[in-house]
>>> print(open('start.txt').read())   # compact mmCIF, C-alpha atoms
# COMPACT_ATOMS: atom_id res chain seq x y z
CA MET A 26 -5.67 -17.32 45.54
CA ASP A 27 -8.90 -19.08 46.36
CA ARG A 28 -11.82 -18.12 44.08
CA ALA A 29 -14.06 -17.28 47.02
CA ASP A 30 -11.37 -15.01 48.47
CA VAL A 31 -10.99 -13.31 45.10
CA GLY A 32 -14.74 -12.71 44.93
CA VAL A 33 -14.74 -11.09 48.38
CA LEU A 34 -11.71 -8.95 47.52
CA VAL A 35 -13.29 -7.77 44.27
CA GLN A 36 -16.45 -6.73 46.10
CA SER A 37 -14.37 -4.88 48.70
CA ALA A 38 -12.21 -3.21 46.05
CA ALA A 39 -15.36 -2.14 44.19
CA ASP A 40 -16.50 -0.53 47.45
CA GLY A 41 -13.25 1.46 47.59
CA ASP A 42 -11.12 -0.72 49.86
CA ALA A 43 -7.48 0.06 48.85
CA ALA A 44 -6.14 -2.91 50.84
CA ALA A 45 -8.44 -5.27 48.90
CA TRP A 46 -7.18 -3.78 45.62
CA LYS A 47 -3.56 -4.28 46.73
CA SER A 48 -4.32 -7.89 47.70
CA LEU A 49 -5.84 -8.51 44.26
CA VAL A 50 -2.81 -7.06 42.49
CA ASP A 51 -0.40 -9.00 44.72
CA GLY A 52 -2.36 -12.23 44.37
CA LEU A 53 -3.28 -12.11 40.68
CA GLY A 54 -0.35 -10.08 39.35
CA PRO A 55 1.81 -13.19 38.75
CA LEU A 56 -1.01 -14.71 36.69
CA VAL A 57 -1.24 -11.61 34.50
CA TRP A 58 2.56 -11.52 34.13
CA SER A 59 2.65 -15.18 33.09
CA VAL A 60 0.11 -14.54 30.32
CA VAL A 61 1.97 -11.45 29.14
CA ARG A 62 5.39 -13.13 29.16
CA ALA A 63 4.03 -16.13 27.28
CA HIS A 64 3.51 -13.85 24.27
CA GLY A 65 7.21 -12.93 24.03
CA LEU A 66 6.74 -9.17 24.15
CA SER A 67 9.57 -6.73 24.80
CA ASP A 68 9.90 -5.50 28.39
CA ALA A 69 8.32 -2.14 27.55
CA ASP A 70 5.40 -3.78 25.70
CA ALA A 71 4.96 -6.35 28.47
CA HIS A 72 4.71 -3.60 31.10
CA GLU A 73 2.25 -1.69 28.91
CA VAL A 74 0.01 -4.74 28.50
CA TYR A 75 0.24 -5.58 32.21
CA GLN A 76 -0.85 -2.06 33.13
CA THR A 77 -3.57 -2.03 30.47
CA ALA A 78 -5.04 -5.30 31.77
CA TRP A 79 -5.27 -3.87 35.29
CA PHE A 80 -6.63 -0.59 33.95
CA ARG A 81 -9.39 -2.45 32.07
CA PHE A 82 -10.13 -4.39 35.25
CA ALA A 83 -10.41 -1.13 37.22
CA GLN A 84 -12.74 0.26 34.55
CA HIS A 85 -15.06 -2.75 34.88
CA LEU A 86 -14.62 -3.39 38.60
CA GLY A 87 -18.16 -2.42 39.57
CA ARG A 88 -19.74 -4.32 36.69
CA ILE A 89 -18.09 -7.71 37.00
CA ARG A 90 -20.90 -10.27 37.31
CA GLU A 91 -18.82 -13.18 38.57
CA PRO A 92 -16.13 -11.68 40.81
CA GLU A 93 -14.81 -15.12 41.76
CA LYS A 94 -13.70 -15.55 38.12
CA THR A 95 -11.57 -12.41 38.14
CA GLY A 96 -8.40 -14.42 37.47
CA SER A 97 -9.86 -15.78 34.24
CA TRP A 98 -11.11 -12.31 33.31
CA LEU A 99 -7.67 -10.78 33.85
CA ALA A 100 -5.87 -13.58 31.97
CA SER A 101 -8.25 -13.25 29.03
CA THR A 102 -7.91 -9.46 29.00
CA ALA A 103 -4.11 -9.68 29.13
CA ARG A 104 -4.15 -12.17 26.26
CA HIS A 105 -6.39 -9.94 24.13
CA GLU A 106 -4.19 -6.91 24.83
CA CYS A 107 -1.07 -8.90 23.88
CA LEU A 108 -2.63 -10.01 20.61
CA LYS A 109 -3.80 -6.49 19.86
CA LEU A 110 -0.29 -5.15 20.42
CA ILE A 111 1.27 -7.91 18.31
CA ARG A 112 -1.13 -7.20 15.43
CA ALA A 113 -0.41 -3.48 15.65
CA SER A 114 3.35 -4.06 15.66
CA LYS A 115 3.10 -6.10 12.46
CA ARG A 116 1.71 -3.06 10.70
CA TRP A 117 4.70 -0.89 11.59
CA THR A 118 8.26 -2.08 11.18
CA PRO A 119 10.89 0.62 11.71
CA THR A 120 13.59 0.51 9.04
CA ASP A 121 16.17 2.62 7.30
CA ASP A 122 16.28 0.33 4.24
CA ALA A 123 15.51 2.57 1.24
CA GLN A 124 14.28 -0.36 -0.87
CA LEU A 125 11.63 -1.23 1.71
CA LEU A 126 10.59 2.40 2.02
CA ASP A 127 10.09 2.71 -1.76
CA ARG A 128 7.94 -0.41 -1.90
CA PRO A 129 4.26 0.17 -2.71
CA SER A 130 1.88 -0.02 0.21
CA GLU A 131 -0.08 -3.22 0.80
CA ASP A 132 -2.99 -1.19 2.17
CA ARG A 133 -5.87 -0.91 -0.25
CA THR A 134 -7.17 2.54 -1.13
CA PRO A 135 -10.94 3.00 -1.38
CA GLU A 136 -10.53 3.37 -5.15
CA GLU A 137 -8.66 0.06 -5.37
CA SER A 138 -11.33 -1.65 -3.27
CA VAL A 139 -14.05 -0.34 -5.60
CA LEU A 140 -12.09 -1.51 -8.64
CA ASP A 141 -11.61 -4.93 -7.05
CA SER A 142 -15.32 -5.26 -6.31
CA GLU A 143 -16.20 -4.14 -9.85
CA GLU A 144 -13.73 -6.67 -11.23
CA ALA A 145 -15.24 -9.39 -9.04
CA ALA A 146 -18.74 -8.42 -10.25
CA ALA A 147 -17.56 -8.54 -13.87
CA GLN A 148 -16.00 -11.96 -13.28
CA THR A 149 -19.22 -13.21 -11.71
CA GLU A 150 -21.14 -11.95 -14.76
CA ARG A 151 -18.69 -13.72 -17.14
CA VAL A 152 -19.14 -16.97 -15.25
CA ARG A 153 -22.93 -16.57 -15.31
CA ARG A 154 -22.84 -16.00 -19.10
CA LEU A 155 -20.51 -18.96 -19.57
CA TRP A 156 -22.97 -21.29 -17.83
CA GLN A 157 -25.87 -19.71 -19.71
CA GLU A 158 -24.18 -20.46 -23.04
CA PHE A 159 -23.16 -23.90 -21.78
CA GLU A 160 -26.84 -24.71 -21.18
CA GLU A 161 -27.57 -23.76 -24.81
CA LEU A 162 -25.21 -26.44 -26.14
CA GLY A 163 -26.66 -29.75 -27.24
CA GLU A 164 -27.39 -32.41 -24.64
CA ARG A 165 -24.54 -34.64 -25.80
CA CYS A 166 -21.95 -31.81 -25.47
CA ARG A 167 -23.24 -30.84 -22.04
CA GLN A 168 -23.04 -34.44 -20.81
CA LEU A 169 -19.51 -34.93 -22.15
CA LEU A 170 -18.14 -31.64 -20.80
CA ARG A 171 -19.74 -32.15 -17.39
CA VAL A 172 -18.17 -35.58 -17.10
CA LEU A 173 -14.77 -34.31 -18.26
CA ILE A 174 -14.67 -31.42 -15.76
CA SER A 175 -15.46 -33.62 -12.80
CA SER A 176 -12.84 -33.96 -10.09
CA PRO A 177 -10.87 -36.14 -10.20
CA PRO A 178 -11.09 -36.32 -13.99
CA PRO A 179 -12.23 -39.72 -15.25
CA SER A 180 -10.24 -41.77 -17.74
CA TYR A 181 -11.47 -41.92 -21.33
CA GLN A 182 -12.43 -45.57 -20.70
CA GLU A 183 -14.71 -44.46 -17.86
CA VAL A 184 -16.21 -41.68 -20.02
CA SER A 185 -16.77 -44.20 -22.80
CA ALA A 186 -18.56 -46.59 -20.46
CA ALA A 187 -20.66 -43.85 -18.85
CA LEU A 188 -21.78 -42.07 -22.04
CA GLY A 189 -21.57 -44.84 -24.64
CA ILE A 190 -19.04 -42.95 -26.78
CA ALA A 191 -16.11 -44.73 -28.43
CA VAL A 192 -12.81 -43.90 -26.71
CA GLY A 193 -11.36 -42.58 -30.00
CA SER A 194 -14.29 -40.19 -30.44
CA ILE A 195 -14.08 -38.50 -27.04
CA GLY A 196 -11.17 -36.14 -27.85
CA PRO A 197 -12.54 -34.90 -31.20
CA MET A 198 -16.05 -34.53 -29.76
CA ARG A 199 -14.65 -32.58 -26.81
CA GLN A 200 -12.86 -30.22 -29.21
CA ARG A 201 -16.02 -29.64 -31.27
CA CYS A 202 -18.07 -28.92 -28.13
CA LEU A 203 -15.50 -26.48 -26.77
CA ARG A 204 -15.26 -24.72 -30.17
CA ARG A 205 -19.06 -24.32 -30.20
CA LEU A 206 -19.04 -22.95 -26.66
CA ARG A 207 -16.22 -20.54 -27.51
CA ALA A 208 -18.03 -19.33 -30.65
CA ARG A 209 -21.20 -18.68 -28.64
CA LEU A 210 -19.24 -16.77 -26.00
CA GLU A 211 -17.41 -14.70 -28.62
CA ALA A 212 -20.70 -13.89 -30.36
CA ARG A 213 -22.05 -12.54 -27.04
CA GLY A 214 -18.84 -10.59 -26.36
CA THR A 215 -18.14 -12.56 -23.19
CA ILE A 216 -14.59 -13.39 -24.25
>>> encode(input="start.txt", output="structure tokens")
Amino acid sequence: MDRADVGVLVQSAADGDAAAWKSLVDGLGPLVWSVVRAHGLSDADAHEVYQTAWFRFAQHLGRIREPEKTGSWLASTARHECLKLIRASKRWTPTDDAQLLDRPSEDRTPEESVLDSEEAAAQTERVRRLWQEFEELGERCRQLLRVLISSPPPSYQEVSAALGIAVGSIGPMRQRCLRRLRARLEARGTI
């Protein structure tokens, strides 16, 4: 259908012209069906989405600002309805398998959500304390540990060149720095 013709038909249908409505359904119905079928729905679901798209169009018929773009509006609405139905069907899968029925739900209860957020807050606080204690280490330890945690990790030769530390001293110094950091964290009750 020509866009201009569609615009005229939409205006007429909005004014109550049943023949204009029928012409819209006849002319744009194949478009809606093509969108629905592209989503691979069952016949029953495809009919439901097709009808829902036209129902939504009827609901908005008097408010459509660009009636000549009705085809795009219907295609978009059909697509959204298909996706909504597909998402809803993923939530419910009929089964008679007892093992699946006994499986714990993946839905989060409000209590679990609160516990998760409290756990996340506690983790954030641990990380904050870790960096606070890290900043209290000596300058040499901070430099070495910062270089060693970079991504990708540098070779000991690169660390030696960057910080002026003998290659053989890097490992033992790293251990001493990490022990100091751990002791500080344990003293604060962070770990």
>>> closest_residue(input="start.txt", among="A:Ala113, A:Leu203, A:Ala146, A:Ala69", to="A:Arg167", atoms="only C-alpha atoms")
A:Leu203
>>> residues_near_point(input="start.txt", point="(-10.3, -32.3, -25.3)", cutoff="12 Å", atoms="all atoms listed in the file", output="PyMOL selection string")
chain A and resi 166+169-170+172-174+181+192-204
>>> atom_distance(input="start.txt", atom1="atom CA of A:Cys107", atom2="atom CA of A:Val74")
6.3 Å
>>> atom_distance(input="start.txt", atom1="atom CA of A:Thr149", atom2="atom CA of A:Ala212")
18.7 Å
>>> axis_aligned_box(input="start.txt", around="stretch 194-210 of chain A", padding_each_side="3 Å", output="lines of an AutoDock Vina configuration file")
center_x = -16.2
center_y = -28.5
center_z = -28.6
size_x = 16.0
size_y = 29.4
size_z = 11.3
>>> atom_distance(input="start.txt", atom1="atom CA of A:Lys94", atom2="atom CA of A:Arg28")
6.8 Å
>>> residues_around(input="start.txt", residues="A:Arg81", least_positions_apart="2", cutoff="12 Å", atoms="all atoms listed in the file", output="number ranges by chain")
A: 74-79, 83-89, 95, 98-103, 105-106
>>> residues_around(input="start.txt", residues="A:Leu34", least_positions_apart="5", cutoff="8 Å", atoms="only C-alpha atoms", output="short mmCIF file (atom, residue, chain, number, x, y, z; two decimals) with C-alpha atoms, keeping the file's coordinate frame")
data_model
loop_
_atom_site.label_atom_id
_atom_site.label_comp_id
_atom_site.auth_asym_id
_atom_site.auth_seq_id
_atom_site.Cartn_x
_atom_site.Cartn_y
_atom_site.Cartn_z
CA ALA A 45 -8.44 -5.27 48.90
CA TRP A 46 -7.18 -3.78 45.62
CA SER A 48 -4.32 -7.89 47.70
CA LEU A 49 -5.84 -8.51 44.26
#
>>> residues_around(input="start.txt", residues="A:Ala29", least_positions_apart="3", cutoff="12 Å", atoms="only C-alpha atoms", output="tab-separated table (two decimals) with C-alpha atoms, in the coordinates of the input")
chain	number	residue	atom	x	y	z
A	26	MET	CA	-5.67	-17.32	45.54
A	32	GLY	CA	-14.74	-12.71	44.93
A	33	VAL	CA	-14.74	-11.09	48.38
A	34	LEU	CA	-11.71	-8.95	47.52
A	35	VAL	CA	-13.29	-7.77	44.27
A	36	GLN	CA	-16.45	-6.73	46.10
A	91	GLU	CA	-18.82	-13.18	38.57
A	92	PRO	CA	-16.13	-11.68	40.81
A	93	GLU	CA	-14.81	-15.12	41.76
A	94	LYS	CA	-13.70	-15.55	38.12
A	95	THR	CA	-11.57	-12.41	38.14
A	96	GLY	CA	-8.40	-14.42	37.47
